$ cat structure_21.cif   # mmCIF, C-alpha atoms
data_target
loop_
_atom_site.label_atom_id
_atom_site.label_comp_id
_atom_site.auth_asym_id
_atom_site.auth_seq_id
_atom_site.Cartn_x
_atom_site.Cartn_y
_atom_site.Cartn_z
CA MET A 1 -9.65 11.91 33.37
CA SER A 2 -9.34 14.73 30.85
CA GLU A 3 -12.21 15.70 28.57
CA LEU A 4 -10.38 14.30 25.53
CA ALA A 5 -9.59 11.04 27.33
CA ALA A 6 -13.26 10.72 28.24
CA THR A 7 -14.22 11.35 24.61
CA ALA A 8 -11.78 8.66 23.49
CA LYS A 9 -13.33 6.19 25.91
CA LYS A 10 -16.81 6.84 24.50
CA LEU A 11 -15.59 6.56 20.90
CA ASP A 12 -13.85 3.25 21.62
CA ALA A 13 -17.01 1.89 23.25
CA ALA A 14 -19.00 2.68 20.10
CA ASP A 15 -16.36 1.42 17.65
CA GLU A 16 -17.73 -1.44 15.50
CA LEU A 17 -14.19 -2.49 14.57
CA ALA A 18 -12.83 -2.56 18.13
CA GLY A 19 -13.01 -6.36 18.30
CA LYS A 20 -10.55 -6.70 15.44
CA ARG A 21 -7.71 -5.55 17.70
CA ALA A 22 -7.73 -8.96 19.40
CA GLU A 23 -6.81 -10.56 16.06
CA PHE A 24 -3.36 -8.93 16.17
CA VAL A 25 -0.27 -9.54 18.29
CA LEU A 26 0.15 -6.22 20.09
CA ASP A 27 1.84 -4.97 23.22
CA ASP A 28 -0.34 -4.07 26.16
CA ALA A 29 -2.04 -0.76 25.43
CA ASP A 30 -0.36 0.74 28.50
CA ALA A 31 3.07 0.01 27.04
CA HIS A 32 2.96 1.09 23.40
CA VAL A 33 0.87 2.97 20.86
CA TYR A 34 1.74 1.73 17.40
CA LEU A 35 1.17 4.38 14.74
CA ASP A 36 3.55 3.12 12.07
CA GLY A 37 1.29 0.67 10.26
CA ASN A 38 1.72 2.80 7.14
CA SER A 39 5.29 1.46 7.08
CA LEU A 40 4.85 -2.02 8.56
CA GLY A 41 1.55 -3.43 9.73
CA ALA A 42 1.23 -5.28 13.01
CA LEU A 43 1.36 -9.09 13.14
CA PRO A 44 -2.02 -10.80 12.71
CA ALA A 45 -2.44 -13.56 15.28
CA ALA A 46 -3.23 -16.18 12.63
CA VAL A 47 0.13 -15.87 10.92
CA PRO A 48 2.56 -17.74 13.24
CA GLY A 49 0.52 -20.95 13.23
CA ARG A 50 0.07 -20.82 9.48
CA VAL A 51 3.78 -20.28 8.86
CA ASP A 52 4.61 -23.14 11.22
CA ASP A 53 2.30 -25.43 9.21
CA VAL A 54 3.78 -24.28 5.91
CA VAL A 55 7.33 -24.93 7.13
CA ARG A 56 6.85 -28.13 9.10
CA ARG A 57 4.08 -29.97 7.25
CA GLN A 58 3.80 -28.53 3.75
CA TRP A 59 7.53 -28.12 3.17
CA GLY A 60 8.92 -30.48 5.82
CA SER A 61 6.65 -33.48 5.18
CA LEU A 62 4.94 -33.03 1.81
CA ARG A 63 7.86 -31.27 0.18
CA ILE A 64 7.40 -30.91 -3.58
CA ARG A 65 3.91 -32.45 -3.40
CA SER A 66 2.73 -29.19 -1.82
CA TRP A 67 2.81 -27.41 -5.17
CA ASP A 68 -0.38 -29.35 -5.91
CA GLU A 69 -1.63 -30.75 -2.61
CA SER A 70 -1.17 -27.53 -0.61
CA GLY A 71 -2.14 -25.15 -3.40
CA TRP A 72 1.24 -23.50 -3.77
CA TRP A 73 1.00 -23.23 -7.53
CA THR A 74 -2.29 -21.33 -7.53
CA ALA A 75 -1.42 -19.08 -4.57
CA PRO A 76 -0.54 -15.94 -6.59
CA GLU A 77 -3.98 -15.76 -8.19
CA ARG A 78 -5.89 -17.11 -5.17
CA ILE A 79 -4.41 -14.47 -2.87
CA GLY A 80 -4.87 -11.87 -5.58
CA ASP A 81 -8.58 -12.62 -5.54
CA ARG A 82 -8.52 -12.17 -1.75
CA ILE A 83 -7.02 -8.70 -2.15
CA ALA A 84 -9.31 -7.75 -5.03
CA PRO A 85 -12.37 -6.61 -3.01
CA LEU A 86 -10.13 -4.44 -0.83
CA VAL A 87 -9.20 -2.37 -3.90
CA GLY A 88 -12.52 -2.59 -5.71
CA ALA A 89 -11.65 -5.23 -8.30
CA ALA A 90 -13.49 -8.30 -9.54
CA PRO A 91 -11.69 -11.66 -9.34
CA GLY A 92 -9.19 -12.69 -11.98
CA GLN A 93 -7.38 -9.37 -12.33
CA ILE A 94 -4.73 -9.40 -9.59
CA VAL A 95 -1.67 -11.57 -9.26
CA VAL A 96 0.51 -11.56 -6.14
CA GLY A 97 4.28 -11.85 -6.35
CA ASP A 98 7.56 -9.97 -6.69
CA SER A 99 8.24 -6.62 -5.03
CA THR A 100 6.39 -3.38 -5.58
CA SER A 101 9.41 -2.08 -7.49
CA VAL A 102 9.40 -5.01 -9.90
CA ASN A 103 5.66 -4.65 -10.44
CA VAL A 104 5.99 -0.92 -11.10
CA PHE A 105 8.55 -1.76 -13.78
CA LYS A 106 6.34 -4.43 -15.35
CA ALA A 107 3.29 -2.18 -15.32
CA LEU A 108 4.97 0.95 -16.64
CA VAL A 109 6.82 -0.72 -19.53
CA ALA A 110 3.69 -2.68 -20.44
CA ALA A 111 1.71 0.58 -20.37
CA VAL A 112 4.14 2.21 -22.80
CA ARG A 113 3.85 -0.81 -25.10
CA MET A 114 0.05 -0.64 -24.96
CA ALA A 115 0.11 3.05 -25.86
CA GLY A 116 2.01 2.43 -29.09
CA GLU A 117 4.97 3.93 -30.90
CA GLY A 118 3.38 7.30 -31.60
CA ARG A 119 3.51 8.37 -27.98
CA ASP A 120 6.94 9.22 -26.64
CA GLU A 121 6.44 10.66 -23.16
CA ILE A 122 6.00 9.11 -19.71
CA VAL A 123 4.46 11.37 -17.06
CA VAL A 124 5.42 10.55 -13.48
CA ASP A 125 4.40 11.94 -10.10
CA ALA A 126 7.29 14.24 -9.14
CA THR A 127 6.43 13.82 -5.44
CA THR A 128 6.41 10.03 -5.64
CA PHE A 129 8.25 7.59 -3.43
CA PRO A 130 11.79 7.72 -4.87
CA THR A 131 11.85 4.16 -6.23
CA ASP A 132 8.88 4.85 -8.51
CA GLY A 133 10.80 7.78 -9.95
CA TYR A 134 13.96 5.73 -10.41
CA ILE A 135 12.05 3.01 -12.23
CA ALA A 136 10.17 5.49 -14.38
CA GLU A 137 13.45 7.06 -15.44
CA SER A 138 14.91 3.65 -16.29
CA ALA A 139 11.75 2.61 -18.16
CA ALA A 140 11.91 5.83 -20.19
CA ARG A 141 15.54 5.17 -21.17
CA MET A 142 14.83 1.54 -22.05
CA THR A 143 11.79 2.33 -24.18
CA GLY A 144 13.19 5.46 -25.82
CA ARG A 145 10.67 7.76 -24.17
CA THR A 146 11.06 11.10 -22.45
CA LEU A 147 10.29 11.34 -18.75
CA ARG A 148 8.17 14.25 -17.55
CA PRO A 149 7.95 14.64 -13.76
CA VAL A 150 5.07 16.82 -12.56
CA THR A 151 2.94 17.09 -9.45
CA PRO A 152 -0.35 15.16 -9.51
CA GLU A 153 -2.22 18.48 -9.65
CA GLU A 154 -0.34 19.37 -12.84
CA VAL A 155 -1.03 16.07 -14.61
CA PRO A 156 -4.19 17.15 -16.52
CA ARG A 157 -2.39 20.22 -17.92
CA VAL A 158 0.52 18.28 -19.39
CA LEU A 159 -1.40 15.42 -21.01
CA GLY A 160 -1.51 15.29 -24.78
CA ASP A 161 -0.90 13.29 -27.94
CA ARG A 162 2.65 12.55 -26.82
CA THR A 163 1.63 10.99 -23.50
CA ALA A 164 2.07 7.22 -23.38
CA ALA A 165 1.62 6.43 -19.69
CA VAL A 166 1.09 8.20 -16.39
CA LEU A 167 2.36 6.84 -13.05
CA VAL A 168 0.83 8.41 -9.93
CA ASN A 169 0.68 7.54 -6.22
CA HIS A 170 -2.84 7.35 -4.82
CA VAL A 171 -1.68 8.74 -1.44
CA ASP A 172 1.45 10.84 -0.98
CA TYR A 173 3.79 8.94 1.35
CA ARG A 174 5.14 12.11 3.01
CA THR A 175 2.03 14.19 3.60
CA GLY A 176 -0.82 11.68 3.48
CA ARG A 177 -2.57 13.68 0.74
CA LEU A 178 -5.11 11.60 -1.18
CA HIS A 179 -5.07 12.27 -4.91
CA ASP A 180 -8.20 12.20 -7.05
CA LEU A 181 -7.97 8.80 -8.72
CA PRO A 182 -11.31 9.00 -10.62
CA SER A 183 -10.73 12.40 -12.23
CA LEU A 184 -7.04 11.85 -12.98
CA THR A 185 -7.76 8.45 -14.54
CA ALA A 186 -10.49 10.02 -16.68
CA ALA A 187 -8.12 12.76 -17.79
CA VAL A 188 -5.43 10.24 -18.74
CA HIS A 189 -7.95 8.25 -20.76
CA ALA A 190 -9.27 11.38 -22.48
CA ALA A 191 -5.72 11.98 -23.70
CA GLY A 192 -5.51 8.40 -25.02
CA ALA A 193 -2.85 7.36 -22.50
CA VAL A 194 -2.58 4.51 -19.98
CA ALA A 195 -3.04 5.11 -16.24
CA VAL A 196 -0.81 3.30 -13.72
CA TRP A 197 -1.55 3.78 -10.02
CA ASP A 198 0.62 2.99 -6.99
CA LEU A 199 -1.71 1.95 -4.15
CA CYS A 200 0.88 1.30 -1.43
CA HIS A 201 -0.55 3.90 0.96
CA SER A 202 -4.23 3.44 0.18
CA ALA A 203 -5.02 -0.27 -0.17
CA GLY A 204 -6.53 -1.49 3.08
CA ALA A 205 -7.12 2.04 4.35
CA LEU A 206 -9.74 3.47 2.01
CA PRO A 207 -11.91 2.59 -1.01
CA VAL A 208 -9.96 2.54 -4.27
CA GLY A 209 -12.49 1.49 -6.91
CA LEU A 210 -10.17 0.11 -9.58
CA ASP A 211 -12.94 -1.42 -11.69
CA GLU A 212 -15.44 1.35 -11.04
CA HIS A 213 -13.08 4.05 -12.25
CA GLY A 214 -11.57 2.12 -15.17
CA VAL A 215 -7.99 2.07 -13.91
CA ASP A 216 -5.75 0.33 -16.43
CA LEU A 217 -2.91 -0.98 -14.28
CA ALA A 218 -2.14 -0.77 -10.57
CA VAL A 219 0.48 -2.03 -8.15
CA GLY A 220 0.77 -2.12 -4.39
CA CYS A 221 2.61 -3.57 -1.44
CA THR A 222 1.05 -5.79 1.23
CA TYR A 223 3.15 -5.04 4.30
CA LYS A 224 1.48 -1.75 5.28
CA TYR A 225 -2.28 -1.64 5.85
CA LEU A 226 -2.65 -5.24 4.60
CA ASN A 227 -0.32 -6.45 7.40
CA GLY A 228 1.44 -9.09 5.30
CA GLY A 229 4.79 -8.87 7.09
CA PRO A 230 8.21 -7.39 6.25
CA GLY A 231 9.01 -7.92 2.59
CA SER A 232 5.71 -9.64 1.87
CA PRO A 233 5.00 -9.93 -1.85
CA ALA A 234 3.39 -7.11 -3.79
CA TYR A 235 0.58 -7.38 -6.34
CA LEU A 236 -0.20 -6.33 -9.89
CA TYR A 237 -3.65 -5.42 -11.23
CA VAL A 238 -4.36 -5.60 -14.95
CA ARG A 239 -7.87 -4.62 -16.02
CA ARG A 240 -9.61 -7.60 -17.57
CA ASP A 241 -10.11 -6.15 -21.06
CA LEU A 242 -6.41 -5.22 -21.24
CA GLN A 243 -4.99 -8.58 -20.20
CA ASP A 244 -4.51 -9.89 -23.72
CA ARG A 245 -2.52 -6.73 -24.54
CA PHE A 246 -0.37 -6.86 -21.40
CA ASP A 247 3.16 -7.38 -22.76
CA SER A 248 5.39 -7.92 -19.74
CA PRO A 249 9.02 -6.80 -20.00
CA LEU A 250 9.87 -9.71 -17.67
CA PRO A 251 8.54 -12.86 -19.35
CA GLY A 252 9.26 -15.86 -17.17
CA TRP A 253 8.45 -19.53 -17.06
CA ASN A 254 5.71 -18.93 -14.50
CA SER A 255 3.81 -16.69 -16.92
CA HIS A 256 4.19 -19.05 -19.89
CA VAL A 257 1.07 -20.67 -21.26
CA GLU A 258 2.85 -24.00 -20.74
CA PRO A 259 5.13 -23.40 -17.75
CA PHE A 260 6.29 -27.00 -17.65
CA GLY A 261 6.61 -27.35 -21.41
CA MET A 262 10.08 -25.80 -21.24
CA ARG A 263 9.70 -24.47 -24.77
CA PRO A 264 12.41 -22.11 -26.07
CA ASP A 265 9.78 -19.73 -27.47
CA TYR A 266 7.71 -17.59 -25.11
CA GLU A 267 3.92 -17.60 -25.32
CA PRO A 268 2.19 -15.75 -22.49
CA ALA A 269 -0.55 -17.26 -20.39
CA THR A 270 -4.01 -15.75 -20.42
CA GLY A 271 -5.53 -13.72 -17.63
CA ALA A 272 -3.86 -12.68 -14.38
CA PRO A 273 -1.05 -15.32 -14.56
CA ARG A 274 0.43 -13.28 -17.42
CA GLY A 275 1.80 -10.99 -14.70
CA ARG A 276 3.84 -13.74 -13.05
CA VAL A 277 7.58 -14.08 -13.62
CA GLY A 278 9.48 -16.71 -11.64
CA THR A 279 8.87 -19.13 -8.79
CA PRO A 280 6.65 -17.53 -6.12
CA ASP A 281 8.02 -16.81 -2.66
CA ILE A 282 5.79 -19.34 -0.94
CA LEU A 283 6.72 -18.75 2.70
CA SER A 284 5.96 -15.03 2.70
CA MET A 285 3.05 -15.45 0.30
CA LEU A 286 1.22 -17.91 2.54
CA ALA A 287 1.98 -15.74 5.58
CA LEU A 288 0.21 -12.96 3.69
CA GLU A 289 -2.73 -15.22 2.97
CA ALA A 290 -3.11 -15.91 6.68
CA ALA A 291 -2.77 -12.22 7.48
CA LEU A 292 -5.65 -11.37 5.16
CA GLN A 293 -8.01 -13.34 7.41
CA VAL A 294 -8.35 -10.24 9.58
CA TRP A 295 -10.49 -8.76 6.79
CA ASP A 296 -13.19 -11.39 7.22
CA GLY A 297 -16.46 -9.59 7.95
CA VAL A 298 -14.93 -6.13 7.43
CA THR A 299 -15.90 -3.62 4.75
CA VAL A 300 -13.49 -1.06 3.37
CA GLU A 301 -16.19 1.55 3.91
CA ALA A 302 -16.21 0.85 7.67
CA VAL A 303 -12.43 1.07 7.74
CA ARG A 304 -12.51 4.39 5.91
CA ALA A 305 -15.10 5.84 8.28
CA LYS A 306 -12.99 4.91 11.31
CA SER A 307 -9.80 6.13 9.63
CA LEU A 308 -11.27 9.59 9.12
CA ALA A 309 -12.62 9.63 12.69
CA LEU A 310 -9.20 8.64 14.06
CA THR A 311 -7.30 11.25 12.09
CA ASP A 312 -9.88 13.95 12.88
CA PHE A 313 -9.60 13.13 16.58
CA PHE A 314 -5.79 13.09 16.45
CA LEU A 315 -5.71 16.55 14.88
CA GLU A 316 -8.16 17.77 17.52
CA CYS A 317 -6.00 16.35 20.32
CA VAL A 318 -2.82 17.79 18.80
CA GLY A 319 -4.52 21.18 18.71
CA GLN A 320 -5.33 20.88 22.42
CA TYR A 321 -2.12 19.27 23.74
CA VAL A 322 0.74 20.65 21.62
CA PRO A 323 1.96 24.19 22.34
CA ALA A 324 0.80 26.64 19.68
CA GLY A 325 3.11 27.08 16.71
CA ARG A 326 5.26 24.03 17.44
CA VAL A 327 3.82 21.72 14.78
CA GLU A 328 2.11 22.25 11.44
CA SER A 329 -0.08 19.65 9.77
CA LEU A 330 0.95 18.85 6.20
CA THR A 331 -2.04 16.53 5.81
CA PRO A 332 -5.14 18.10 4.24
CA ALA A 333 -8.07 18.73 6.56
CA ALA A 334 -10.61 17.88 3.85
CA HIS A 335 -11.68 14.24 4.05
CA GLU A 336 -11.67 13.80 0.28
CA GLU A 337 -7.98 14.80 0.23
CA ARG A 338 -6.76 12.73 3.20
CA GLY A 339 -5.40 9.20 3.37
CA SER A 340 -4.96 7.36 6.68
CA GLN A 341 -1.93 9.14 8.06
CA VAL A 342 -1.13 12.53 9.56
CA ALA A 343 2.16 14.26 8.80
CA LEU A 344 3.28 17.06 11.11
CA ARG A 345 6.11 19.44 10.33
CA CYS A 346 8.13 19.96 13.49
CA GLU A 347 11.47 21.52 14.37
CA ASP A 348 13.95 18.83 15.45
CA ALA A 349 11.50 16.20 14.21
CA GLY A 350 14.08 13.42 14.34
CA GLU A 351 14.82 14.05 18.01
CA VAL A 352 11.12 14.44 18.81
CA MET A 353 10.31 11.07 17.24
CA LYS A 354 13.16 9.47 19.15
CA ARG A 355 11.68 10.77 22.42
CA LEU A 356 8.19 9.63 21.43
CA ILE A 357 9.40 6.10 20.77
CA GLU A 358 11.23 6.06 24.11
CA ARG A 359 7.88 6.84 25.72
CA GLY A 360 6.02 4.14 23.80
CA VAL A 361 4.48 6.13 20.94
CA VAL A 362 5.81 4.67 17.69
CA GLY A 363 5.54 6.72 14.53
CA ASP A 364 8.29 7.58 12.09
CA PHE A 365 10.45 10.47 10.91
CA ARG A 366 10.87 11.67 7.34
CA HIS A 367 13.76 13.95 6.47
CA PRO A 368 14.12 16.79 7.11
CA ASP A 369 11.34 17.80 9.51
CA VAL A 370 8.29 15.53 9.27
CA LEU A 371 6.69 13.42 12.00
CA ARG A 372 4.52 10.78 10.35
CA PHE A 373 1.73 8.88 12.11
CA GLY A 374 -0.21 6.08 10.43
CA PHE A 375 -3.66 5.03 11.63
CA THR A 376 -4.61 1.43 10.92
CA PRO A 377 -8.30 1.19 11.88
CA LEU A 378 -8.27 -2.56 12.46
CA TYR A 379 -6.10 -2.23 15.56
CA VAL A 380 -5.70 1.46 16.47
CA GLY A 381 -8.22 2.87 18.93
CA PHE A 382 -9.22 6.35 20.03
CA ALA A 383 -7.47 6.00 23.39
CA ASP A 384 -4.27 5.30 21.44
CA VAL A 385 -4.80 8.52 19.52
CA GLU A 386 -5.41 10.61 22.64
CA ARG A 387 -2.33 9.22 24.36
CA ALA A 388 -0.11 9.77 21.31
CA ALA A 389 -1.12 13.42 21.01
CA ARG A 390 -0.76 13.97 24.76
CA VAL A 391 2.76 12.51 24.83
CA LEU A 392 3.67 14.52 21.73
CA GLY A 393 2.58 17.68 23.53
CA GLU A 394 4.66 16.79 26.57
CA VAL A 395 7.75 15.99 24.49
CA VAL A 396 7.50 19.20 22.49
CA ALA A 397 6.83 21.32 25.57
CA ALA A 398 9.92 19.88 27.26
CA GLN A 399 12.06 21.23 24.43
CA LEU A 400 10.89 24.83 24.87
#
$ encode --input "structure_21.cif" --output "structure tokens"
Amino acid sequence: MSELAATAKKLDAADELAGKRAEFVLDDADAHVYLDGNSLGALPAAVPGRVDDVVRRQWGSLRIRSWDESGWWTAPERIGDRIAPLVGAAPGQIVVGDSTSVNVFKALVAAVRMAGEGRDEIVVDATTFPTDGYIAESAARMTGRTLRPVTPEEVPRVLGDRTAAVLVNHVDYRTGRLHDLPSLTAAVHAAGAVAVWDLCHSAGALPVGLDEHGVDLAVGCTYKYLNGGPGSPAYLYVRRDLQDRFDSPLPGWNSHVEPFGMRPDYEPATGAPRGRVGTPDILSMLALEAALQVWDGVTVEAVRAKSLALTDFFLECVGQYVPAGRVESLTPAAHEERGSQVALRCEDAGEVMKRLIERGVVGDFRHPDVLRFGFTPLYVGFADVERAARVLGEVVAAQL
């Protein structure tokens, strides 16, 4: 056994979260190392039985009675309250439903409306996941604002009296860089603008502190570190004191104060339900609710500590196993600037990732030259990390 393999064994033996791995449906550790949970989380073991019950009993037997008897109607807020502590929010501020893209649109247009007519500029993270940029551009056209794309580091320098809203990703999806949510939010507020954060690559991986840091609006997906399943519904956070001012650009019957009144005039509900639009996607929503059971007894702080230990150890192993000069880490070394993934620039990265997957190490490739590895602390162990780096070294060496 190599020195690094022995170290991994000791770290796994001391891991307080190691028992959580059994709550997921995973291949035998000798067959696969799954490091793509930053794209799609693994299947929690509680989900299949819950989905079977939802389909066969709640839908199959109770049918429409399940809106009341099975709690379907209240699921968006109930599950929102389950997510809330994972992002540092008190109950009553998160509603689950729709896609991340739809929620970005709702949040950004509502932010512009909150800011008022005197502010005519939307600032957007120029390095953002493309959809956020597309939606920001559309929201700017629809609201008559000007779009200003800048890097997150440049945001404080461009804020001013013209700024209506700022949309930033908490963690960069390519590099894994963690942006400074507290200081950027404070800067946006000092300029009199509204802060909108995309939490897709941070929720479930590290502390967010929405309430603590006064974030105005936030959105996120649930299929990455929250393990909700492919296409699982996203969520929308509206800070409590802003909820009465939240003017959704997508008013629907589900967000009406009297959803069954069928009135021709729209009057929004109060609180988190104001963020709803149409009929919730019950099957995927209740699968998500079951998936969130893996968080029982887990603190985000413990997850963050293990995440940093995993990524530190991976970088150490890469340094030992991969031939010098063959990969370059794009992920910051500083803990305060790192999410829960490691991005490595590598020549022929697409072919390298293909070979890794053939050998049971599953990460992903981002054009043109990035190998991306996500570390989900609830089910990734240190032996996984050592093996992934060792196989990467062997694959890269074989190409020399």
$ closest_residue --input "structure_21.cif" --among "A:Gln58, A:Ser2, A:Thr100, A:Gln293" --to "A:Cys317" --atoms "only C-alpha atoms"
A:Ser2
$ atom_distance --input "structure_21.cif" --atom1 "atom CA of A:Glu154" --atom2 "atom CA of A:Asp180"
12.1 Å
$ closest_residue --input "structure_21.cif" --among "A:Glu69, A:Ala388, A:Leu344, A:Ala383" --to "A:Ala13" --atoms "only C-alpha atoms"
A:Ala383
$ resolve_selection --input "structure_21.cif" --expression "the PyMOL selection byres ((chain A and resi 207) around 7)" --output "mmCIF file with C-alpha atoms, in the coordinates of the input"
data_model
loop_
_atom_site.group_PDB
_atom_site.id
_atom_site.type_symbol
_atom_site.label_atom_id
_atom_site.label_comp_id
_atom_site.auth_asym_id
_atom_site.auth_seq_id
_atom_site.Cartn_x
_atom_site.Cartn_y
_atom_site.Cartn_z
ATOM 1 C CA VAL A 87 -9.200 -2.370 -3.900
ATOM 2 C CA LEU A 206 -9.740 3.470 2.010
ATOM 3 C CA VAL A 208 -9.960 2.540 -4.270
ATOM 4 C CA GLY A 209 -12.490 1.490 -6.910
ATOM 5 C CA VAL A 300 -13.490 -1.060 3.370
ATOM 6 C CA GLU A 301 -16.190 1.550 3.910
#
$ residues_around --input "structure_21.cif" --residues "stretch 182-188 of chain A" --least-positions-apart "3" --cutoff "12 Å" --atoms "only C-alpha atoms" --output "MDAnalysis selection string"
chainID A and resid 115 122:123 125 151:170 178:179 191:197 207:218 336
$ closest_residue --input "structure_21.cif" --among "A:Arg345, A:Arg372, A:Lys354, A:Arg359" --to "A:Arg387" --atoms "all atoms listed in the file"
A:Arg359
$ residues_around --input "structure_21.cif" --residues "stretch 256-269 of chain A" --least-positions-apart "3" --cutoff "12 Å" --atoms "all atoms listed in the file" --output "list in words"
Trp73, Gln243, Asp244, Arg245, Phe246, Asp247, Ser248, Pro249, Leu250, Pro251, Gly252, Trp253, Ala272, Pro273, Arg274, Gly275, Arg276, Val277, Gly278 and Thr279 of chain A
$ closest_residue --input "structure_21.cif" --among "A:Leu4, A:Pro377, A:Ala14, A:Met142" --to "A:Val298" --atoms "only C-alpha atoms"
A:Pro377
$ residues_around --input "structure_21.cif" --residues "A:Ile282" --least-positions-apart "5" --cutoff "12 Å" --atoms "all atoms listed in the file" --output "list in words"
Arg50, Val51, Val54, Val55, Gln58, Trp59, Ile64, Ser66, Trp67, Ser70, Gly71, Trp72, Trp73, Thr74, Ala75, Pro76, Ile79, Val96, Gly97, Asp98, Ser232, Pro233, Ala287, Leu288 and Glu289 of chain A
$ closest_residue --input "structure_21.cif" --among "A:Asp312, A:Leu371, A:Arg239, A:Thr131" --to "A:Ile357" --atoms "all atoms listed in the file"
A:Leu371
$ decode --input "structure_21.cif" --residues "stretch 117-129 of chain A" --atoms "N, CA and C atoms" --output "JSON list (two decimals), in the first residue's frame"
[["chain", "number", "residue", "atom", "x", "y", "z"],
["A", 117, "GLU", "N", -37.66, 52.93, -10.99],
["A", 117, "GLU", "CA", -37.45, 53.42, -12.35],
["A", 117, "GLU", "C", -36.17, 54.20, -12.51],
["A", 118, "GLY", "N", -35.63, 54.76, -11.46],
["A", 118, "GLY", "CA", -34.44, 55.60, -11.60],
["A", 118, "GLY", "C", -33.16, 54.85, -11.87],
["A", 119, "ARG", "N", -33.20, 53.55, -11.79],
["A", 119, "ARG", "CA", -31.99, 52.75, -11.98],
["A", 119, "ARG", "C", -32.14, 51.92, -13.26],
["A", 120, "ASP", "N", -31.20, 52.10, -14.18],
["A", 120, "ASP", "CA", -31.41, 51.55, -15.51],
["A", 120, "ASP", "C", -30.33, 50.55, -15.94],
["A", 121, "GLU", "N", -29.62, 49.95, -14.99],
["A", 121, "GLU", "CA", -28.55, 49.03, -15.36],
["A", 121, "GLU", "C", -28.63, 47.74, -14.54],
["A", 122, "ILE", "N", -28.46, 46.62, -15.22],
["A", 122, "ILE", "CA", -28.35, 45.31, -14.57],
["A", 122, "ILE", "C", -26.91, 44.84, -14.71],
["A", 123, "VAL", "N", -26.28, 44.54, -13.59],
["A", 123, "VAL", "CA", -24.92, 44.00, -13.61],
["A", 123, "VAL", "C", -25.01, 42.49, -13.49],
["A", 124, "VAL", "N", -24.29, 41.79, -14.36],
["A", 124, "VAL", "CA", -24.32, 40.33, -14.35],
["A", 124, "VAL", "C", -22.91, 39.78, -14.36],
["A", 125, "ASP", "N", -22.71, 38.67, -13.70],
["A", 125, "ASP", "CA", -21.44, 37.95, -13.68],
["A", 125, "ASP", "C", -21.10, 37.51, -15.10],
["A", 126, "ALA", "N", -20.02, 38.05, -15.66],
["A", 126, "ALA", "CA", -19.63, 37.73, -17.03],
["A", 126, "ALA", "C", -19.12, 36.31, -17.17],
["A", 127, "THR", "N", -18.75, 35.67, -16.05],
["A", 127, "THR", "CA", -18.25, 34.30, -16.09],
["A", 127, "THR", "C", -19.32, 33.29, -15.73],
["A", 128, "THR", "N", -20.56, 33.74, -15.67],
["A", 128, "THR", "CA", -21.66, 32.92, -15.18],
["A", 128, "THR", "C", -21.97, 31.75, -16.09],
["A", 129, "PHE", "N", -22.71, 30.79, -15.55],
["A", 129, "PHE", "CA", -23.27, 29.72, -16.38],
["A", 129, "PHE", "C", -24.08, 30.40, -17.49]]
